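The file work_9.txt comes next; it holds compact mmCIF, C-alpha atoms and all ligand atoms.
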```txt
# COMPACT_ATOMS: atom_id res chain seq x y z
CA MET B 1 6.41 -17.12 -11.25
CA LYS B 2 3.76 -19.27 -9.56
CA ARG B 3 3.42 -18.15 -5.96
CA ASP B 4 1.97 -20.84 -3.74
CA LYS B 5 2.84 -19.37 -0.37
CA HIS B 6 3.58 -16.08 1.28
CA PHE B 7 5.97 -15.28 4.12
CA GLN B 8 4.76 -16.82 7.39
CA ILE B 9 7.00 -17.85 10.27
CA GLY B 10 6.32 -20.98 12.37
CA ARG B 11 5.81 -21.59 16.06
CA GLU B 12 9.47 -22.19 16.90
CA ALA B 13 10.52 -18.95 15.21
CA VAL B 14 7.74 -17.02 17.00
CA GLU B 15 8.85 -18.36 20.40
CA LYS B 16 12.56 -17.82 19.83
CA LEU B 17 12.12 -14.34 18.37
CA ALA B 18 9.83 -13.25 21.23
CA ALA B 19 12.33 -14.61 23.76
CA GLU B 20 15.23 -12.81 22.08
CA TYR B 21 13.67 -9.47 21.06
CA GLY B 22 10.48 -9.20 23.14
CA SER B 23 6.97 -8.46 21.93
CA PRO B 24 5.30 -6.83 20.09
CA LEU B 25 7.73 -7.57 17.28
CA LEU B 26 7.45 -7.03 13.52
CA VAL B 27 9.39 -9.52 11.41
CA LEU B 28 10.14 -8.19 7.93
CA SER B 29 11.16 -10.44 5.04
CA LEU B 30 13.08 -8.55 2.37
CA GLU B 31 12.99 -11.66 0.17
CA GLU B 32 9.19 -11.44 0.20
CA VAL B 33 9.37 -7.78 -0.90
CA LYS B 34 11.62 -8.80 -3.80
CA LYS B 35 9.31 -11.67 -4.79
CA SER B 36 6.30 -9.36 -4.88
CA TYR B 37 8.14 -6.82 -7.03
CA ASN B 38 9.26 -9.61 -9.38
CA VAL B 39 5.72 -10.99 -9.74
CA LEU B 40 4.45 -7.61 -10.98
CA ARG B 41 7.44 -7.26 -13.31
CA GLU B 42 6.92 -10.75 -14.69
CA TYR B 43 3.20 -10.43 -15.44
CA MET B 44 3.36 -6.82 -16.61
CA PRO B 45 6.89 -6.47 -18.03
CA ARG B 46 6.35 -3.08 -19.63
CA VAL B 47 4.95 -1.52 -16.47
CA ARG B 48 7.31 0.73 -14.54
CA VAL B 49 6.63 0.07 -10.85
CA HIS B 50 6.42 3.13 -8.57
CA TYR B 51 6.24 1.76 -5.01
CA ALA B 52 3.65 3.78 -3.03
CA ILE B 53 5.75 4.29 0.05
CA LYS B 54 2.81 5.42 2.18
CA ALA B 55 1.92 1.72 2.59
CA ASN B 56 5.15 1.05 4.48
CA PRO B 57 8.07 3.48 4.46
CA HIS B 58 10.41 1.23 6.47
CA PRO B 59 13.97 2.16 5.41
CA GLU B 60 14.94 -1.46 4.62
CA ILE B 61 11.96 -1.80 2.26
CA LEU B 62 12.87 1.49 0.56
CA GLN B 63 16.50 0.38 0.16
CA VAL B 64 15.50 -2.95 -1.38
CA MET B 65 13.13 -1.23 -3.79
CA ARG B 66 15.75 1.37 -4.66
CA ASP B 67 18.33 -1.35 -5.35
CA LEU B 68 15.85 -3.33 -7.46
CA GLY B 69 15.56 -0.25 -9.67
CA SER B 70 11.98 0.57 -8.69
CA CYS B 71 10.53 4.05 -9.00
CA PHE B 72 8.39 5.54 -6.19
CA ASP B 73 4.99 7.15 -5.65
CA VAL B 74 5.34 9.93 -3.08
CA ALA B 75 2.62 11.93 -1.35
CA SER B 76 4.44 14.61 0.64
CA ASP B 77 7.61 16.63 1.11
CA GLY B 78 8.64 14.17 3.84
CA GLU B 79 8.48 11.18 1.47
CA ILE B 80 10.32 13.10 -1.27
CA ARG B 81 13.12 14.15 1.09
CA THR B 82 13.43 10.69 2.65
CA LEU B 83 14.05 9.13 -0.76
CA ASN B 84 16.31 11.97 -1.82
CA ALA B 85 18.47 11.41 1.27
CA MET B 86 18.77 7.75 0.22
CA GLY B 87 20.13 8.73 -3.18
CA VAL B 88 16.93 8.17 -5.20
CA GLU B 89 16.91 10.63 -8.10
CA GLY B 90 13.85 12.87 -8.54
CA SER B 91 13.33 11.32 -11.98
CA ARG B 92 12.36 8.08 -10.19
CA MET B 93 9.50 9.69 -8.24
CA ILE B 94 5.96 10.74 -9.06
CA TYR B 95 4.26 13.17 -6.69
CA ALA B 96 0.91 11.38 -6.90
CA ASN B 97 -1.07 13.34 -4.34
CA PRO B 98 -3.64 15.27 -6.40
CA VAL B 99 -3.74 18.03 -3.76
CA LYS B 100 -0.23 19.23 -3.03
CA LEU B 101 1.16 21.42 -0.27
CA GLY B 102 3.50 24.33 -1.03
CA VAL B 103 6.24 22.54 0.92
CA GLY B 104 5.69 19.47 -1.27
CA LEU B 105 6.14 21.47 -4.47
CA LYS B 106 9.20 23.13 -2.92
CA ALA B 107 10.64 19.65 -2.19
CA CYS B 108 10.01 18.76 -5.86
CA CYS B 109 12.10 21.77 -6.97
CA ASP B 110 14.86 20.95 -4.47
CA CYS B 111 15.04 17.25 -5.34
CA GLY B 112 14.37 17.29 -9.10
CA VAL B 113 10.87 15.76 -9.03
CA THR B 114 9.01 16.92 -12.13
CA LYS B 115 6.26 14.30 -12.53
CA MET B 116 2.99 14.87 -10.69
CA THR B 117 -0.75 14.28 -10.85
CA PHE B 118 -3.61 16.79 -10.64
CA ASP B 119 -7.40 16.65 -10.70
CA SER B 120 -8.45 20.31 -10.66
CA ALA B 121 -7.67 23.63 -12.36
CA SER B 122 -6.57 25.18 -9.08
CA GLU B 123 -3.89 22.52 -8.75
CA ILE B 124 -2.58 23.47 -12.20
CA ASP B 125 -2.35 27.10 -11.07
CA LYS B 126 -0.27 26.03 -8.06
CA ILE B 127 1.99 23.77 -10.12
CA LYS B 128 2.50 26.43 -12.80
CA LYS B 129 3.63 28.91 -10.15
CA GLN B 130 6.03 26.66 -8.23
CA CYS B 131 7.09 23.98 -10.78
CA PRO B 132 6.57 25.45 -14.29
CA ASN B 133 8.60 22.64 -15.87
CA ALA B 134 6.37 19.89 -14.48
CA THR B 135 5.15 16.90 -16.46
CA VAL B 136 1.56 16.34 -15.36
CA LEU B 137 -0.89 13.45 -15.45
CA LEU B 138 -4.62 13.97 -15.01
CA ARG B 139 -5.97 11.81 -12.16
CA LEU B 140 -9.25 10.40 -13.39
CA ARG B 141 -12.07 9.29 -11.08
CA ILE B 142 -13.02 5.66 -11.54
CA ASP B 143 -16.14 4.64 -9.64
CA ASN B 144 -15.58 1.27 -7.97
CA SER B 145 -17.70 0.76 -4.88
CA SER B 146 -16.49 -2.86 -4.67
CA ALA B 147 -12.94 -1.81 -3.76
CA HIS B 148 -11.81 -2.52 -0.21
CA VAL B 149 -10.76 1.14 0.10
CA ASP B 150 -12.41 3.31 -2.56
CA LEU B 151 -10.03 6.23 -3.10
CA ASN B 152 -12.32 7.67 -5.75
CA LYS B 153 -14.59 9.06 -3.04
CA LYS B 154 -11.92 11.69 -2.46
CA PHE B 155 -9.90 12.08 -5.66
CA GLY B 156 -10.14 12.22 -9.40
CA ALA B 157 -11.58 14.43 -12.14
CA SER B 158 -14.85 13.33 -13.73
CA ARG B 159 -14.89 11.87 -17.24
CA GLU B 160 -16.86 14.96 -18.37
CA ASN B 161 -14.27 17.46 -17.12
CA ALA B 162 -11.20 15.48 -18.14
CA LEU B 163 -10.52 16.93 -21.58
CA ALA B 164 -11.05 20.55 -20.51
CA LEU B 165 -8.70 20.10 -17.55
CA MET B 166 -6.01 18.58 -19.75
CA GLN B 167 -6.38 21.46 -22.16
CA TYR B 168 -6.09 23.88 -19.23
CA ALA B 169 -2.83 22.23 -18.13
CA LYS B 170 -1.45 22.45 -21.68
CA ASP B 171 -2.44 26.11 -22.00
CA ALA B 172 -0.69 26.77 -18.71
CA GLY B 173 2.53 25.70 -20.44
CA LEU B 174 2.92 22.43 -18.53
CA ASP B 175 3.95 19.16 -20.17
CA MET B 176 0.49 17.55 -20.24
CA ALA B 177 1.65 13.97 -20.67
CA GLY B 178 -0.94 11.45 -19.62
CA ILE B 179 -3.66 10.02 -17.42
CA ALA B 180 -3.51 8.32 -14.01
CA PHE B 181 -6.18 6.42 -12.10
CA HIS B 182 -6.48 4.31 -8.97
CA VAL B 183 -9.27 1.75 -9.02
CA GLY B 184 -9.26 1.44 -5.21
CA SER B 185 -7.11 -0.51 -2.81
CA GLN B 186 -7.33 -4.33 -2.59
CA THR B 187 -9.25 -4.69 -5.84
CA VAL B 188 -9.77 -8.42 -6.42
CA SER B 189 -10.78 -8.56 -10.07
CA ALA B 190 -9.47 -7.17 -13.36
CA ASP B 191 -12.87 -5.63 -14.26
CA PRO B 192 -12.42 -2.19 -12.64
CA TYR B 193 -9.00 -1.87 -14.31
CA LEU B 194 -10.47 -2.86 -17.68
CA ARG B 195 -13.33 -0.37 -17.30
CA ALA B 196 -10.82 2.33 -16.39
CA LEU B 197 -8.70 1.41 -19.42
CA ASP B 198 -11.77 1.69 -21.71
CA ILE B 199 -12.42 5.25 -20.52
CA THR B 200 -8.75 6.16 -20.66
CA ARG B 201 -8.44 4.85 -24.23
CA GLU B 202 -11.35 7.05 -25.28
CA LEU B 203 -9.75 10.05 -23.59
CA PHE B 204 -6.39 9.38 -25.26
CA GLU B 205 -8.22 9.48 -28.61
CA GLU B 206 -10.29 12.56 -27.79
CA ALA B 207 -7.13 14.36 -26.66
CA GLU B 208 -5.28 13.39 -29.85
CA ALA B 209 -8.18 14.77 -31.92
CA VAL B 210 -7.68 18.19 -30.35
CA GLY B 211 -3.91 18.15 -30.82
CA LEU B 212 -2.96 16.91 -27.36
CA HIS B 213 -0.69 13.87 -27.62
CA LEU B 214 -0.72 11.75 -24.45
CA ARG B 215 2.19 9.37 -23.91
CA ILE B 216 1.95 8.14 -20.29
CA LEU B 217 -0.64 5.93 -18.61
CA ASP B 218 -0.45 5.35 -14.84
CA ILE B 219 -2.70 2.47 -13.71
CA GLY B 220 -2.19 3.23 -9.99
CA GLY B 221 -2.17 0.64 -7.23
CA GLY B 222 -4.88 -1.62 -5.86
CA PHE B 223 -3.30 -5.04 -6.48
CA PRO B 224 -4.53 -7.43 -3.79
CA ILE B 225 -2.91 -9.65 -1.16
CA PRO B 226 -4.56 -12.73 0.45
CA GLU B 227 -7.36 -11.75 2.82
CA PRO B 228 -9.52 -13.99 5.05
CA LYS B 229 -12.69 -15.19 3.22
CA VAL B 230 -11.82 -13.44 -0.08
CA LYS B 231 -10.96 -15.43 -3.20
CA PHE B 232 -9.16 -14.09 -6.28
CA ASN B 233 -6.70 -15.20 -8.93
CA LEU B 234 -3.92 -12.62 -9.14
CA PRO B 235 -1.96 -14.12 -12.08
CA GLU B 236 -5.18 -14.24 -14.12
CA MET B 237 -6.02 -10.66 -13.16
CA LEU B 238 -2.57 -9.37 -14.10
CA LYS B 239 -2.63 -11.30 -17.39
CA GLN B 240 -5.96 -9.70 -18.35
CA ILE B 241 -4.76 -6.20 -17.47
CA ASN B 242 -1.49 -6.73 -19.31
CA ALA B 243 -3.21 -8.06 -22.42
CA ARG B 244 -5.38 -4.95 -22.55
CA LEU B 245 -2.35 -2.70 -22.09
CA GLU B 246 -0.66 -4.39 -25.02
CA GLU B 247 -3.78 -4.14 -27.16
CA ASP B 248 -4.77 -0.55 -26.45
CA PHE B 249 -1.69 1.23 -25.14
CA ALA B 250 1.16 -0.34 -27.11
CA ASP B 251 2.75 3.06 -27.76
CA ALA B 252 2.34 4.53 -24.28
CA GLU B 253 4.70 4.40 -21.33
CA ILE B 254 2.92 2.47 -18.56
CA TRP B 255 3.38 3.12 -14.86
CA ALA B 256 1.81 1.57 -11.75
CA GLU B 257 1.81 2.60 -8.08
CA PRO B 258 1.47 -0.58 -6.01
CA GLY B 259 1.68 -0.18 -2.24
CA ARG B 260 -0.09 -3.02 -0.44
CA TYR B 261 1.05 -5.70 -2.89
CA ILE B 262 4.74 -4.88 -2.40
CA CYS B 263 4.85 -4.80 1.41
CA GLY B 264 1.62 -6.36 2.71
CA THR B 265 2.73 -9.99 2.95
CA ALA B 266 6.33 -9.17 3.89
CA VAL B 267 5.69 -8.53 7.60
CA ASN B 268 4.55 -10.85 10.41
CA LEU B 269 3.58 -9.45 13.81
CA ILE B 270 4.27 -11.32 17.05
CA THR B 271 2.07 -10.06 19.88
CA SER B 272 1.41 -11.40 23.42
CA VAL B 273 -1.65 -11.74 25.59
CA VAL B 274 -1.03 -9.38 28.51
CA GLY B 275 -4.42 -9.50 30.24
CA VAL B 276 -7.46 -11.75 30.39
CA THR B 277 -10.90 -11.10 31.82
CA GLU B 278 -14.50 -12.19 31.25
CA ARG B 279 -17.46 -9.95 30.47
CA GLY B 280 -21.00 -11.01 29.66
CA GLY B 281 -19.91 -14.63 29.55
CA GLN B 282 -17.23 -13.95 26.91
CA PRO B 283 -13.49 -13.81 27.36
CA TRP B 284 -11.62 -10.58 26.68
CA TYR B 285 -7.97 -10.82 25.70
CA PHE B 286 -5.74 -7.74 26.03
CA LEU B 287 -2.73 -7.76 23.70
CA ASP B 288 0.50 -5.75 23.87
CA GLU B 289 -0.33 -4.29 20.43
CA GLY B 290 -3.50 -2.37 19.63
CA LEU B 291 -5.39 0.10 17.49
CA TYR B 292 -2.87 2.82 18.26
CA GLY B 293 -0.06 0.54 17.04
CA THR B 294 0.20 -1.99 14.22
CA PHE B 295 -3.54 -2.74 14.40
CA SER B 296 -4.21 0.86 13.32
CA GLY B 297 -4.96 -0.89 10.01
CA VAL B 298 -8.25 -2.09 11.54
CA LEU B 299 -9.39 1.54 11.71
CA PHE B 300 -7.65 3.26 8.82
CA ASP B 301 -7.56 0.36 6.37
CA GLN B 302 -10.64 -1.59 7.57
CA TRP B 303 -8.42 -4.68 7.48
CA ASP B 304 -9.45 -8.00 9.00
CA PHE B 305 -6.25 -9.47 10.45
CA LYS B 306 -5.72 -13.19 10.92
CA LEU B 307 -4.68 -14.22 14.48
CA LEU B 308 -2.82 -17.54 14.84
CA SER B 309 -2.40 -18.97 18.34
CA PHE B 310 -0.58 -22.28 17.65
CA LYS B 311 -3.06 -23.92 20.07
CA ASP B 312 -5.41 -26.80 19.53
CA GLU B 313 -8.14 -24.98 17.59
CA THR B 314 -10.77 -27.75 17.88
CA GLU B 315 -12.51 -25.99 20.75
CA LYS B 316 -12.95 -22.43 19.53
CA ILE B 317 -14.79 -19.75 21.49
CA PRO B 318 -15.87 -16.19 20.55
CA ALA B 319 -13.73 -13.55 22.26
CA THR B 320 -12.96 -9.84 22.26
CA PHE B 321 -9.40 -8.66 21.53
CA ALA B 322 -8.29 -5.26 22.83
CA GLY B 323 -5.06 -3.26 22.78
CA PRO B 324 -2.93 -2.14 25.72
CA SER B 325 -3.91 1.56 25.92
CA CYS B 326 -6.31 3.14 28.41
CA ASP B 327 -8.70 4.21 25.66
CA SER B 328 -11.97 2.30 25.31
CA LEU B 329 -11.77 2.77 21.53
CA ASP B 330 -8.77 0.45 21.56
CA ILE B 331 -10.69 -2.75 20.78
CA MET B 332 -9.73 -4.58 17.60
CA PHE B 333 -12.02 -7.58 17.24
CA ARG B 334 -15.29 -8.64 18.85
CA GLY B 335 -16.75 -12.13 18.64
CA ARG B 336 -13.54 -13.40 17.05
CA MET B 337 -13.33 -17.22 17.18
CA THR B 338 -10.20 -18.41 18.95
CA ALA B 339 -8.76 -21.19 21.06
CA PRO B 340 -8.92 -20.21 24.76
CA LEU B 341 -5.87 -18.10 25.63
CA GLU B 342 -3.98 -17.09 28.75
CA VAL B 343 -1.58 -14.37 29.81
CA GLY B 344 1.80 -14.93 28.19
CA ASP B 345 0.45 -16.70 25.08
CA LEU B 346 1.98 -15.54 21.82
CA LEU B 347 -0.06 -14.79 18.69
CA LEU B 348 1.20 -14.53 15.12
CA VAL B 349 -0.41 -12.08 12.71
CA PRO B 350 0.75 -12.74 9.13
CA SER B 351 0.41 -10.28 6.21
CA CYS B 352 0.79 -7.31 8.50
CA GLY B 353 2.97 -5.05 6.36
CA ALA B 354 0.65 -2.58 4.61
CA TYR B 355 -1.06 0.39 6.26
CA THR B 356 -0.14 -0.94 9.73
CA SER B 357 3.14 0.30 11.25
CA ALA B 358 2.93 3.26 8.84
CA SER B 359 -0.03 4.67 10.78
CA ALA B 360 1.03 3.46 14.26
CA THR B 361 1.42 6.03 17.04
CA THR B 362 3.06 6.18 20.49
CA PHE B 363 -0.22 7.16 22.17
CA ASN B 364 -0.19 6.59 25.94
CA GLY B 365 3.60 6.28 25.83
CA PHE B 366 3.68 2.81 24.27
CA SER B 367 6.64 2.38 21.92
CA LYS B 368 5.99 1.44 18.32
CA ALA B 369 6.63 -2.26 17.69
CA ARG B 370 10.27 -3.01 16.96
CA PHE B 371 11.24 -4.38 13.52
CA VAL B 372 13.71 -7.18 12.81
CA VAL B 373 14.71 -8.40 9.36
CA TRP B 374 13.92 -12.09 8.95
CA GLU B 375 16.85 -12.87 6.67
CA GLU B 376 19.22 -11.49 9.34
CA VAL B 377 17.67 -12.97 12.48
CA LYS B 378 17.03 -16.40 11.03
CA GLU B 379 20.79 -16.84 10.52
CA THR B 380 21.64 -15.72 14.07
CA LEU B 381 18.94 -17.79 15.75
CA ASP B 382 19.18 -20.72 13.34
CA LEU B 383 15.48 -20.57 12.43
CA ALA B 384 13.34 -21.94 9.61
CA GLU B 385 10.18 -20.29 8.17
C1 LIG B 401 -2.25 7.81 -5.39
C2 LIG B 401 -2.06 6.47 -4.80
N1 LIG B 401 -1.30 5.57 -5.47
C3 LIG B 401 -1.07 4.34 -4.97
C4 LIG B 401 -1.60 3.95 -3.75
C5 LIG B 401 -1.31 2.57 -3.26
O1 LIG B 401 -2.43 1.76 -3.35
P1 LIG B 401 -2.40 0.23 -2.99
O2 LIG B 401 -1.77 0.09 -1.66
O3 LIG B 401 -3.82 -0.17 -3.03
O4 LIG B 401 -1.61 -0.48 -4.06
C6 LIG B 401 -2.44 4.82 -3.05
C7 LIG B 401 -3.06 4.42 -1.80
O5 LIG B 401 -3.65 5.16 -1.06
C8 LIG B 401 -2.66 6.14 -3.59
O6 LIG B 401 -3.42 7.03 -2.94
```

Whole structure, structure tokens version:
Amino acid sequence: MKRDKHFQIGREAVEKLAAEYGSPLLVLSLEEVKKSYNVLREYMPRVRVHYAIKANPHPEILQVMRDLGSCFDVASDGEIRTLNAMGVEGSRMIYANPVKLGVGLKACCDCGVTKMTFDSASEIDKIKKQCPNATVLLRLRIDNSSAHVDLNKKFGASRENALALMQYAKDAGLDMAGIAFHVGSQTVSADPYLRALDITRELFEEAEAVGLHLRILDIGGGFPIPEPKVKFNLPEMLKQINARLEEDFADAEIWAEPGRYICGTAVNLITSVVGVTERGGQPWYFLDEGLYGTFSGVLFDQWDFKLLSFKDETEKIPATFAGPSCDSLDIMFRGRMTAPLEVGDLLLVPSCGAYTSASATTFNGFSKARFVVWEEVKETLDLAE
């Protein structure tokens, strides 16, 4: 599937939706979620997708993924129980948080989740005690400082300790089944995956030599979405990864844990300018959505959001954009080039679905932005993308 454009609503839709539902408003396209899932399935047909629900646990996204037959990457008892309440069997989940809480392991027992990752001996001791029938995957550290968010600063066993830890898990009586890695979020080239696959292949062989047969490989998440000023070729990247999987892991079960790629482009934010002032010769624009809301991704995900004003952009000026709260931390962008704006202007923020609303708060008493589903509202309001 060649994908030439992602979900982005136009000016008329922005105006009509804001008039009907108010602002800030998050517009979710379930068709976009399906397209993203299908792209991964098409380029890597043998890979079993486990949607990392931390990226966006909106119930409509979870339902679509459940109905598409996806599996899920869960990180806590809350995520396990949410999916369980939606009828997702435990066999479709992997508890992929290498450091688990007792309540998380309890939720595994209650909901039939047996697959989990670990990166230390102490984690094996915990798993053995609470979930002795677990199937475990060693989470391997893959150094990749070029990743947008390098998860390997916090998780993963070193290459040197890997074999001993796997042996420890086997000796503990657990089903020591495979290796998992995460090359880092928003990785824009196949190279870190290929390097990780080289190391994993070696470890599969070393394990086999000591009588430990590994049968599952989990290549994690990290697949990228369009980002201002960053170029990459996703189909090419996926083809290279898939070719290597076929070459080196033909007999293994392959899993992946995409988060951002599934939900990132499926949400557009509509936000309004609610205040304007000038400081040091530069305009400041206050929006009705800020760092404590959907723009929490600026802090937690270091994401550089695109702001579209639908104005004549020939005369751009540098401006500061701040959120609505009374906290001086609540400033999203400084020196951002924009057409001059005024109170009441609407802005569109595309690709706003990953690590955004998931980490939003109600700090200062501001409600979280409301969601509408594009495929439902476009019918009612007779809108086009
Ligand atoms: C264990 C694990 N798997 C998958 C993901 C999803 O990563 P991404 O959104 O980059 O695809 C994360 C993100 O934090 C993670 O920690």

Best match for closeness to ligand LIG 401 (chain B) among B:Asn84, B:Asn56, B:Ser328, B:Asn144, counting only C-alpha atoms and all ligand atoms: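 Among the listed residues, B:Asn56 lies closest to ligand LIG 401 (chain B).
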
Best match for closeness to B:Val298 among B:Tyr51, B:Ser357, B:Leu348, B:Tyr193, counting all atoms listed in the file: B:Ser357

Environment of ligand LIG 401 (chain B) within 6 Å, counting only C-alpha atoms and all ligand atoms, reported as a PyMOL selection string: chain B and resi 52+55+96-97+185-186+220-223+257-261

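What separates atom CA of B:Gln302 from atom CA of B:Leu269 is a distance of 17.4 Å.
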
Separation of atom CA of B:Met65 from atom CA of B:Val99 in Å: 25.6 Å

Atom pair atom CA of B:Glu60 / atom CA of B:Glu379: separation (Å): 17.5 Å

Residue nearest B:Ser76 among B:Pro57, B:Pro318, B:Gly104, B:Pro340 (counting all atoms listed in the file): B:Gly104

12 Å contact set for B:Asn161, all atoms listed in the file, chain neighbours under 4 positions out, as a PyMOL selection string: chain B and resi 119-121+138-141+156-157+165-168+203

Expected file: the selected residues, C-alpha atoms, as a compact mmCIF listing (two decimals), in the coordinates of the input:
```
# COMPACT_ATOMS: atom_id res chain seq x y z
CA ASP B 119 -7.40 16.65 -10.70
CA SER B 120 -8.45 20.31 -10.66
CA ALA B 121 -7.67 23.63 -12.36
CA LEU B 138 -4.62 13.97 -15.01
CA ARG B 139 -5.97 11.81 -12.16
CA LEU B 140 -9.25 10.40 -13.39
CA ARG B 141 -12.07 9.29 -11.08
CA GLY B 156 -10.14 12.22 -9.40
CA ALA B 157 -11.58 14.43 -12.14
CA LEU B 165 -8.70 20.10 -17.55
CA MET B 166 -6.01 18.58 -19.75
CA GLN B 167 -6.38 21.46 -22.16
CA TYR B 168 -6.09 23.88 -19.23
CA LEU B 203 -9.75 10.05 -23.59
```

Residue among B:Pro283, B:Ala169, B:Arg159, B:Glu236 lying closest to B:Glu206, counting only C-alpha atoms: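 Ranking B:Pro283, B:Ala169, B:Arg159, B:Glu236 by distance to B:Glu206, first place goes to B:Arg159.
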
From B:Cys71, B:Leu26, B:Ile219, B:Ala250, residue lying nearest B:Glu289 [all atoms listed in the file]: B:Leu26

Selection: 6 Å around B:Tyr292, only C-alpha atoms, excl. self and same-chain fewer than 4 positions, as JSON, numbers by chain: {"B": [296, 360, 361]}

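When only C-alpha atoms are used to compute distances to B:Val210, the closest of the residues B:Lys153, B:His6, B:Lys170, B:Lys231 turns out to be B:Lys170.
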
Report, as lines of an AutoDock Vina configuration file, the centre and edge lengths in Å (one decimal) of the axis-aligned box enclosing every listed atom of stretch 240-257 of chain B, padded by 6 Å on each side.
```
center_x = -0.6
center_y = -2.6
center_z = -17.9
size_x = 22.7
size_y = 26.2
size_z = 31.7
```

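Using all atoms listed in the file, the residues found no farther than 8 Å from B:Thr362, other than those of its own chain fewer than 3 positions away, are Tyr292, Gly293, Gly365, Phe366, Ser367 and Lys368 of chain B.
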
Protein/DNA/RNA residues near (-0.7, 4.2, -14.6), cut 10 Å, only C-alpha atoms, as number ranges by chain: B: 47-50, 137, 139, 178-182, 197, 216-221, 253-257

Could you give me, as JSON lines, a per-residue list for stretch 8-72 of chain B showing, wherever an atom lies at most 10 Å from an atom of stretch 272-275 of chain B, the closest pair of atoms and their distance in Å to one decimal, using only C-alpha atoms and sorting by chain then residue number from low to high?
```
{"residue": "B:Ala18", "atom": "CA", "partner": "B:Ser272", "partner_atom": "CA", "distance": 8.9}
{"residue": "B:Gly22", "atom": "CA", "partner": "B:Ser272", "partner_atom": "CA", "distance": 9.3}
{"residue": "B:Ser23", "atom": "CA", "partner": "B:Ser272", "partner_atom": "CA", "distance": 6.5}
{"residue": "B:Pro24", "atom": "CA", "partner": "B:Ser272", "partner_atom": "CA", "distance": 6.9}
{"residue": "B:Leu25", "atom": "CA", "partner": "B:Ser272", "partner_atom": "CA", "distance": 9.6}
```

Export of stretch 234-254 of chain B: C-alpha atoms, as a short mmCIF file (atom, residue, chain, number, x, y, z; two decimals), in the first residue's frame:
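In the end it all went to decode27.cif:
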```
data_model
loop_
_atom_site.label_atom_id
_atom_site.label_comp_id
_atom_site.auth_asym_id
_atom_site.auth_seq_id
_atom_site.Cartn_x
_atom_site.Cartn_y
_atom_site.Cartn_z
CA LEU B 234 9.12 3.99 5.68
CA PRO B 235 8.30 1.38 2.98
CA GLU B 236 12.03 0.98 2.27
CA MET B 237 12.78 0.69 5.99
CA LEU B 238 10.10 -1.95 6.54
CA LYS B 239 11.22 -3.90 3.46
CA GLN B 240 14.81 -4.03 4.75
CA ILE B 241 13.71 -5.16 8.22
CA ASN B 242 11.37 -7.75 6.77
CA ALA B 243 14.01 -9.13 4.41
CA ARG B 244 16.36 -9.64 7.36
CA LEU B 245 13.63 -11.33 9.39
CA GLU B 246 13.03 -13.75 6.54
CA GLU B 247 16.73 -14.41 6.12
CA ASP B 248 17.73 -14.86 9.75
CA PHE B 249 14.57 -15.68 11.69
CA ALA B 250 12.55 -17.80 9.26
CA ASP B 251 11.68 -20.31 11.99
CA ALA B 252 10.87 -17.85 14.76
CA GLU B 253 7.56 -16.27 15.67
CA ILE B 254 7.94 -12.51 15.15
#
```
